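The file coords-v1.cif comes next; it holds mmCIF, C-alpha atoms (C1' of nucleotides).
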```cif
data_query
loop_
_atom_site.label_atom_id
_atom_site.label_comp_id
_atom_site.auth_asym_id
_atom_site.auth_seq_id
_atom_site.Cartn_x
_atom_site.Cartn_y
_atom_site.Cartn_z
CA MET J 1 54.66 299.64 105.39
CA SER J 2 52.51 301.58 102.97
CA LYS J 3 51.21 304.86 104.33
CA THR J 4 47.87 304.89 106.07
CA TYR J 5 45.45 307.66 106.99
CA THR J 6 43.00 308.42 109.73
CA ILE J 7 39.48 309.47 108.92
CA SER J 8 40.22 313.12 109.55
CA ASP J 9 43.40 312.98 107.52
CA LEU J 10 41.40 312.16 104.43
CA ALA J 11 38.52 314.40 105.38
CA GLN J 12 40.85 317.34 105.61
CA GLU J 13 42.81 316.52 102.51
CA PHE J 14 39.70 316.28 100.34
CA GLY J 15 37.60 318.88 102.04
CA VAL J 16 34.78 316.62 103.17
CA THR J 17 33.45 315.74 106.60
CA THR J 18 34.12 312.54 108.48
CA ARG J 19 30.41 311.87 108.23
CA THR J 20 30.81 311.81 104.49
CA LEU J 21 33.60 309.23 104.72
CA ARG J 22 31.51 307.00 106.96
CA HIS J 23 28.63 307.40 104.59
CA TYR J 24 30.79 306.38 101.67
CA GLU J 25 31.81 303.34 103.63
CA ASP J 26 28.15 302.45 104.21
CA GLN J 27 27.66 302.74 100.47
CA GLY J 28 30.61 300.48 99.80
CA LEU J 29 32.85 303.06 98.17
CA VAL J 30 35.71 302.66 100.63
CA THR J 31 36.55 299.77 102.95
CA PRO J 32 39.01 300.98 105.56
CA ALA J 33 40.68 298.47 107.89
CA ARG J 34 40.41 298.80 111.63
CA ASP J 35 42.85 299.45 114.41
CA GLY J 36 40.68 298.12 117.18
CA ILE J 37 37.62 300.25 116.61
CA ASN J 38 39.24 303.08 114.66
CA ARG J 39 39.23 303.23 110.88
CA ILE J 40 42.50 303.04 109.01
CA TYR J 41 42.46 304.13 105.39
CA SER J 42 44.89 302.65 102.89
CA HIS J 43 46.34 304.14 99.75
CA ARG J 44 43.66 302.27 97.82
CA ASP J 45 40.94 303.91 99.91
CA ARG J 46 42.48 307.26 99.19
CA VAL J 47 42.44 306.61 95.46
CA ARG J 48 38.85 305.46 95.63
CA LEU J 49 37.84 308.55 97.51
CA LYS J 50 39.52 310.70 94.91
CA LEU J 51 37.71 308.86 92.13
CA ALA J 52 34.42 309.05 94.00
CA LEU J 53 34.69 312.81 94.38
CA ARG J 54 35.49 313.17 90.71
CA GLY J 55 32.48 311.04 89.91
CA LYS J 56 30.35 313.30 92.06
CA ARG J 57 31.58 316.39 90.26
CA LEU J 58 30.50 314.67 87.08
CA GLY J 59 27.03 314.14 88.44
CA PHE J 60 27.15 310.45 89.24
CA SER J 61 25.22 309.17 92.21
CA LEU J 62 27.02 307.21 94.89
CA GLY J 63 25.26 304.11 93.63
CA GLU J 64 26.52 304.67 90.12
CA ILE J 65 30.02 305.29 91.42
CA ARG J 66 29.91 302.01 93.28
CA GLU J 67 28.79 300.33 90.06
CA LEU J 68 31.73 301.85 88.24
CA PHE J 69 34.06 300.57 90.93
CA GLU J 70 32.59 297.12 90.60
CA LEU J 71 32.99 297.25 86.85
CA HIS J 72 36.52 298.47 87.33
CA ASP J 73 37.32 295.60 89.71
CA LEU J 74 35.76 293.20 87.26
CA ALA J 75 37.92 294.48 84.43
CA GLY J 76 40.43 291.67 84.71
CA SER J 77 37.85 288.93 85.00
CA GLU J 78 35.89 286.45 82.90
CA GLN J 79 34.98 287.17 79.31
CA ARG J 80 31.37 286.13 79.72
CA GLN J 81 30.66 289.43 81.45
CA LEU J 82 32.90 291.51 79.29
CA GLU J 83 30.27 292.10 76.68
CA GLU J 84 27.84 293.48 79.22
CA PHE J 85 30.67 295.54 80.64
CA SER J 86 31.45 296.92 77.22
CA VAL J 87 27.84 297.98 76.72
CA LYS J 88 27.76 299.82 80.02
CA LEU J 89 30.98 301.59 79.18
CA GLU J 90 29.58 302.71 75.87
CA ARG J 91 26.56 304.22 77.57
CA ARG J 92 28.78 306.07 80.00
CA ARG J 93 30.89 307.33 77.18
CA ALA J 94 27.95 308.73 75.27
CA GLN J 95 26.68 310.41 78.40
CA LEU J 96 30.03 311.94 79.14
CA GLU J 97 30.47 313.26 75.64
CA GLN J 98 27.09 314.90 75.85
CA GLN J 99 28.24 316.41 79.08
CA ARG J 100 31.47 317.59 77.56
CA GLU J 101 29.50 319.32 74.85
CA ASP J 102 27.32 320.92 77.48
CA VAL J 103 30.37 322.20 79.28
CA GLU J 104 31.82 323.67 76.09
CA VAL J 105 28.59 325.48 75.28
CA MET J 106 28.39 326.82 78.79
CA LEU J 107 31.98 327.95 78.84
CA ASN J 108 31.58 329.79 75.57
CA GLU J 109 28.50 331.52 76.82
CA ILE J 110 30.23 332.49 80.03
CA ARG J 111 33.25 333.78 78.19
CA PHE J 112 30.99 335.88 76.04
CA PHE J 113 29.26 337.45 79.00
CA ALA J 114 32.54 337.93 80.78
CA THR J 115 33.96 339.96 77.92
CA GLN J 116 30.74 341.93 77.68
CA CYS J 117 31.11 342.67 81.34
CA GLN J 118 34.71 343.72 81.07
CA ARG J 119 33.87 346.01 78.19
CA ARG J 120 31.10 347.71 80.09
CA LEU J 121 33.23 348.06 83.17
CA ALA J 122 36.01 349.55 81.09
CA GLU J 123 33.60 351.98 79.50
CA ALA J 124 32.30 353.03 82.87
CA GLU J 125 35.85 353.52 84.06
CA SER J 126 37.00 355.57 81.08
CA SER J 127 34.00 357.85 81.32
CA LYS J 128 35.01 358.66 84.89
CA THR J 129 38.49 359.90 83.92
CA PRO J 130 37.93 362.73 81.48
CA ASN J 131 39.96 361.44 78.53
CA PRO J 132 40.22 363.42 75.32
CA GLU J 133 39.16 360.76 72.78
CA ARG J 134 35.56 360.32 73.75
CA ALA J 135 34.97 363.22 76.09
CA ALA J 136 35.13 365.49 73.12
CA MET P 137 1.63 334.86 66.33
CA SER P 138 4.67 333.12 67.72
CA LYS P 139 4.25 329.42 68.30
CA THR P 140 3.07 328.25 71.68
CA TYR P 141 3.15 324.88 73.43
CA THR P 142 1.04 322.98 75.89
CA ILE P 143 2.58 321.44 78.95
CA SER P 144 2.64 317.99 77.44
CA ASP P 145 4.12 319.29 74.20
CA LEU P 146 7.21 320.39 76.04
CA ALA P 147 7.22 317.43 78.37
CA GLN P 148 7.27 315.08 75.42
CA GLU P 149 9.81 317.03 73.45
CA PHE P 150 12.29 317.14 76.30
CA GLY P 151 11.53 313.81 77.86
CA VAL P 152 10.37 315.09 81.23
CA THR P 153 7.07 314.79 83.06
CA THR P 154 4.45 317.50 83.36
CA ARG P 155 5.08 317.40 87.07
CA THR P 156 8.63 318.46 86.37
CA LEU P 157 7.44 321.42 84.32
CA ARG P 158 5.09 322.54 87.08
CA HIS P 159 7.88 322.14 89.56
CA TYR P 160 10.17 324.27 87.43
CA GLU P 161 7.48 326.90 87.36
CA ASP P 162 7.27 326.80 91.16
CA GLN P 163 11.01 327.35 91.21
CA GLY P 164 10.73 330.28 88.84
CA LEU P 165 12.53 328.72 85.89
CA VAL P 166 9.64 329.10 83.46
CA THR P 167 6.69 331.46 83.57
CA PRO P 168 4.05 330.19 81.16
CA ALA P 169 1.05 332.36 80.39
CA ARG P 170 -2.47 331.10 80.95
CA ASP P 171 -5.37 330.33 78.70
CA GLY P 172 -7.99 330.48 81.41
CA ILE P 173 -6.51 327.95 83.78
CA ASN P 174 -4.29 326.10 81.32
CA ARG P 175 -0.61 326.82 80.91
CA ILE P 176 0.67 328.16 77.63
CA TYR P 177 4.39 327.99 77.04
CA SER P 178 6.11 330.51 74.80
CA HIS P 179 9.23 330.17 72.75
CA ARG P 180 11.09 331.82 75.59
CA ASP P 181 9.85 329.20 78.02
CA ARG P 182 11.04 326.53 75.67
CA VAL P 183 14.50 328.04 75.50
CA ARG P 184 14.61 328.34 79.26
CA LEU P 185 13.61 324.74 79.68
CA LYS P 186 16.34 323.69 77.31
CA LEU P 187 18.90 325.72 79.21
CA ALA P 188 17.61 324.41 82.52
CA LEU P 189 18.03 320.81 81.41
CA ARG P 190 21.53 321.52 80.20
CA GLY P 191 22.27 323.11 83.54
CA LYS P 192 21.00 320.00 85.26
CA ARG P 193 23.24 317.77 83.16
CA LEU P 194 26.09 319.96 84.32
CA GLY P 195 25.16 319.38 87.93
CA PHE P 196 23.58 322.72 88.76
CA SER P 197 20.72 322.80 91.22
CA LEU P 198 17.43 324.37 90.19
CA GLY P 199 18.23 327.25 92.50
CA GLU P 200 21.56 327.84 90.83
CA ILE P 201 19.92 327.67 87.43
CA ARG P 202 17.44 330.29 88.49
CA GLU P 203 20.34 332.44 89.66
CA LEU P 204 21.99 332.06 86.28
CA PHE P 205 18.78 333.11 84.59
CA GLU P 206 18.56 336.13 86.80
CA LEU P 207 22.15 337.02 86.02
CA HIS P 208 21.43 336.50 82.36
CA ASP P 209 18.41 338.79 82.52
CA LEU P 210 20.48 341.33 84.35
CA ALA P 211 23.16 341.25 81.66
CA GLY P 212 21.93 344.42 79.98
CA SER P 213 21.42 346.38 83.17
CA GLU P 214 23.20 348.73 85.52
CA GLN P 215 26.96 348.70 85.87
CA ARG P 216 26.90 348.79 89.64
CA GLN P 217 25.98 345.11 89.68
CA LEU P 218 28.19 344.16 86.79
CA GLU P 219 31.21 343.69 88.96
CA GLU P 220 29.41 341.25 91.20
CA PHE P 221 28.10 339.55 88.10
CA SER P 222 31.59 339.22 86.74
CA VAL P 223 32.81 337.60 89.93
CA LYS P 224 30.05 335.04 89.86
CA LEU P 225 30.78 334.24 86.27
CA GLU P 226 34.41 333.68 87.07
CA ARG P 227 33.53 331.23 89.80
CA ARG P 228 31.30 329.32 87.43
CA ARG P 229 33.97 329.26 84.83
CA ALA P 230 36.56 327.79 87.18
CA GLN P 231 34.07 325.19 88.28
CA LEU P 232 33.22 324.27 84.73
CA GLU P 233 36.82 323.97 83.69
CA GLN P 234 37.46 321.65 86.58
CA GLN P 235 34.48 319.68 85.38
CA ARG P 236 35.76 319.63 81.86
CA GLU P 237 39.04 318.23 83.10
CA ASP P 238 37.17 315.61 85.05
CA VAL P 239 35.27 314.62 81.95
CA GLU P 240 38.44 314.30 79.92
CA VAL P 241 40.09 312.10 82.51
CA MET P 242 37.00 309.93 82.71
CA LEU P 243 36.69 309.62 78.95
CA ASN P 244 40.30 308.58 78.61
CA GLU P 245 39.89 305.96 81.26
CA ILE P 246 36.76 304.65 79.65
CA ARG P 247 38.38 304.53 76.25
CA PHE P 248 41.24 302.57 77.73
CA PHE P 249 38.95 299.99 79.27
CA ALA P 250 36.86 299.80 76.15
CA THR P 251 39.84 298.88 74.00
CA GLN P 252 40.96 296.37 76.61
CA CYS P 253 37.50 294.89 76.40
CA GLN P 254 37.48 294.75 72.65
CA ARG P 255 40.84 293.07 72.63
CA ARG P 256 39.74 290.39 75.03
CA LEU P 257 36.51 289.84 73.17
CA ALA P 258 38.45 289.52 69.94
CA GLU P 259 40.80 287.03 71.53
CA ALA P 260 37.92 284.97 72.83
CA GLU P 261 36.36 285.03 69.38
CA SER P 262 39.46 283.99 67.54
CA SER P 263 40.05 281.09 69.90
CA LYS P 264 36.56 279.80 69.08
CA THR P 265 37.19 279.59 65.32
CA PRO P 266 40.15 277.28 65.02
CA ASN P 267 42.54 279.60 63.20
CA PRO P 268 46.03 278.41 62.27
CA GLU P 269 48.11 281.21 63.81
CA ARG P 270 47.48 280.56 67.46
CA ALA P 271 45.69 277.18 67.47
CA ALA P 272 48.97 275.64 66.50
"C1'" DA C 273 -25.83 312.64 78.26
"C1'" DG C 274 -22.01 309.65 78.68
"C1'" DT C 275 -17.01 308.49 77.89
"C1'" DG C 276 -12.30 309.55 77.28
"C1'" DT C 277 -8.41 312.66 77.19
"C1'" DT C 278 -5.84 316.23 79.04
"C1'" DA C 279 -5.62 319.75 82.10
"C1'" DT C 280 -5.65 321.85 87.01
"C1'" DT C 281 -4.32 322.32 92.22
"C1'" DG C 282 -3.21 320.33 96.45
"C1'" DA C 283 -0.69 317.40 99.36
"C1'" DC C 284 1.71 313.63 101.04
"C1'" DG C 285 5.60 310.22 99.74
"C1'" DT C 286 10.35 309.00 98.22
"C1'" DT C 287 15.24 308.95 97.20
"C1'" DT C 288 19.81 310.77 97.69
"C1'" DA C 289 23.43 312.61 100.32
"C1'" DC C 290 24.59 313.82 103.77
"C1'" DG C 291 23.87 317.10 108.65
"C1'" DT C 292 23.50 316.96 113.38
"C1'" DA C 293 22.98 315.63 117.96
"C1'" DA C 294 23.53 312.12 121.61
"C1'" DA C 295 26.05 308.90 124.27
"C1'" DA C 296 30.18 306.63 124.93
"C1'" DG C 297 35.17 304.97 124.46
"C1'" DC C 298 40.43 305.65 124.20
"C1'" DA C 299 44.69 308.69 124.71
"C1'" DA C 300 47.58 312.28 125.75
"C1'" DT C 301 48.33 316.15 128.69
"C1'" DG C 302 48.34 319.65 132.08
"C1'" DC L 303 42.79 312.32 137.47
"C1'" DA L 304 39.97 315.34 135.10
"C1'" DT L 305 39.78 317.72 130.90
"C1'" DT L 306 40.42 318.02 126.01
"C1'" DG L 307 40.39 315.92 121.58
"C1'" DC L 308 39.45 312.52 118.36
"C1'" DT L 309 37.04 308.64 117.56
"C1'" DT L 310 32.97 305.38 117.50
"C1'" DT L 311 27.78 303.91 116.68
"C1'" DT L 312 22.93 305.02 116.52
"C1'" DA L 313 19.45 307.59 114.91
"C1'" DC L 314 16.55 311.24 113.74
"C1'" DG L 315 16.53 315.51 110.57
"C1'" DT L 316 16.73 317.88 106.14
"C1'" DA L 317 17.01 319.96 101.41
"C1'" DA L 318 16.40 319.01 96.66
"C1'" DA L 319 13.82 317.18 92.93
"C1'" DC L 320 10.57 315.34 91.76
"C1'" DG L 321 6.76 310.91 92.11
"C1'" DT L 322 2.24 309.73 93.02
"C1'" DC L 323 -2.21 309.87 94.15
"C1'" DA L 324 -6.81 312.39 94.61
"C1'" DA L 325 -10.39 315.29 93.42
"C1'" DT L 326 -11.93 318.33 90.01
"C1'" DA L 327 -12.56 320.84 85.62
"C1'" DA L 328 -12.58 321.75 80.61
"C1'" DC L 329 -13.13 319.84 75.98
"C1'" DA L 330 -13.95 316.37 72.14
"C1'" DC L 331 -16.44 312.95 70.41
"C1'" DT L 332 -20.27 309.91 69.36
#
```

Give the structure from this file in structure tokens form.
Amino acid sequence: MSKTYTISDLAQEFGVTTRTLRHYEDQGLVTPARDGINRIYSHRDRVRLKLALRGKRLGFSLGEIRELFELHDLAGSEQRQLEEFSVKLERRRAQLEQQREDVEVMLNEIRFFATQCQRRLAEAESSKTPNPERAA
Amino acid sequence: MSKTYTISDLAQEFGVTTRTLRHYEDQGLVTPARDGINRIYSHRDRVRLKLALRGKRLGFSLGEIRELFELHDLAGSEQRQLEEFSVKLERRRAQLEQQREDVEVMLNEIRFFATQCQRRLAEAESSKTPNPERAA
DNA sequence: AGTGTTATTGACGTTTACGTAAAAGCAATG
DNA sequence: CATTGCTTTTACGTAAACGTCAATAACACT
């Protein structure tokens, strides 16, 4: 049917260890089926892993990522919880926009230093080859 | 002369504990002077703390933040290390741009769910007040 | 002099996110 | 059929980033 993956398939593809995948299972982030004793990962597990790793890059804890998954799963459910859901989303959003701002600031700063670096390296280079403009 | 701060001044301002500030000192992120035994934080320390907290929000470890500070301090120094510096900066930049992409993806997803939420909440609301359009 | 506030240095505790080693089970393969 | 390779569970270890006492010291009042 739909393609499945072994534990090392996914580990390799995403550059993590099998230990990590088992850990994520303990934490409820993925729920692979079993072939006897061996884990079999579905497409859904693969997607979840991808999302989890993105979440990690964004600084979320595994617990928070699980929460997000739960919220995500809940997204088609009863209205009574939707309000609470909405509030949580708003908090996430604010946090992420702060983070985006942080990233922009950092990138600008890095770009600045990078150009400074290039300039200095260029200067050092041009002073090695005796060129007429400045060597005079 | 220039304004100084006590440990709790900065802790309060940045919403961290004094323990955190002492820890950051252990890790070499700030180097407050002393009035006898008491710490006195300079404007420079304050800036460093601010940068450190931003770094944390971006997912850097304290060790990495210290590295960045060292690189930053080195920025006006000898060319022989500039090349190495430049390489490190480039790695950071790539990492940050990946992160920025992650943030964008996440924000879009959140915005999508938020509007879905609002829509459902609105629907629920309008079905409470018997309005002619749909109650018919 | 006594009381309260804020500071100091240890030093052990805690949480998170895995690492790592041990012991054991299938499965193909030379 | 023994070895090699991948898997499993169990369980202790660890690095980072602080938390949380504890004991002590310096001031500010009142």

Next on the checklist: Show me, as a PyMOL selection string, every residue of chain J with an atom at most 12 Å from chain C, counting only C-alpha atoms (C1' of nucleotides).
Outcome noted: chain J and resi 16-24+26-27+35-38+56+60-64

Next on the checklist: Taking the file as I've supplied it (selection: the PyMOL selection byres ((chain L) within 10 of (chain J))), which residues are included? Please answer as a list in words.
Outcome noted: DC308, DT309 and DT310 of chain L

Residues near segment 94-108 of chain J, cut-off 7 Å, all atoms listed in the file, skip fewer than 5 positions along chain, as a PDB file with C-alpha atoms, in the frame of the given file:
```pdb
ATOM      1  CA  ARG P 190      21.530 321.520  80.200  1.00  0.00           C
ATOM      2  CA  ARG P 193      23.240 317.770  83.160  1.00  0.00           C
ATOM      3  CA  LEU P 194      26.090 319.960  84.320  1.00  0.00           C
ATOM      4  CA  ARG P 229      33.970 329.260  84.830  1.00  0.00           C
ATOM      5  CA  LEU P 232      33.220 324.270  84.730  1.00  0.00           C
ATOM      6  CA  ARG P 236      35.760 319.630  81.860  1.00  0.00           C
ATOM      7  CA  VAL P 239      35.270 314.620  81.950  1.00  0.00           C
TER       8      VAL P 239
END
```

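Residues captured in this structure file are Lys3, Thr4, Tyr5, Thr6, Ile7, Leu10, Leu21, Tyr24, Glu25, Gly28, Leu29, Val30, Thr31, Pro32, Ala33, Arg39, Ile40, Tyr41, Ser42, His43, Arg44, Arg46, Val47, Arg48, Leu49, Lys50, Leu51, Ala52 and Phe69 of chain J, according to the PyMOL selection byres ((chain J and resi 45) around 12).
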
Checklist entry - What gap, in Å, lies between atom CA of Asp73 of chain J and atom CA of Gly195 of chain P? => result 26.8 Å

Checklist entry - Pick from P:Phe150, P:Arg202, P:Asp145, P:Arg256: nearest to chain J, with all atoms listed in the file counted? => result P:Arg256

Checklist entry - Restricting the calculation to all atoms listed in the file, which member of J:Gln116, J:Gly15, J:Arg34, J:Ile65 is positioned closest to chain P? => result J:Gln116
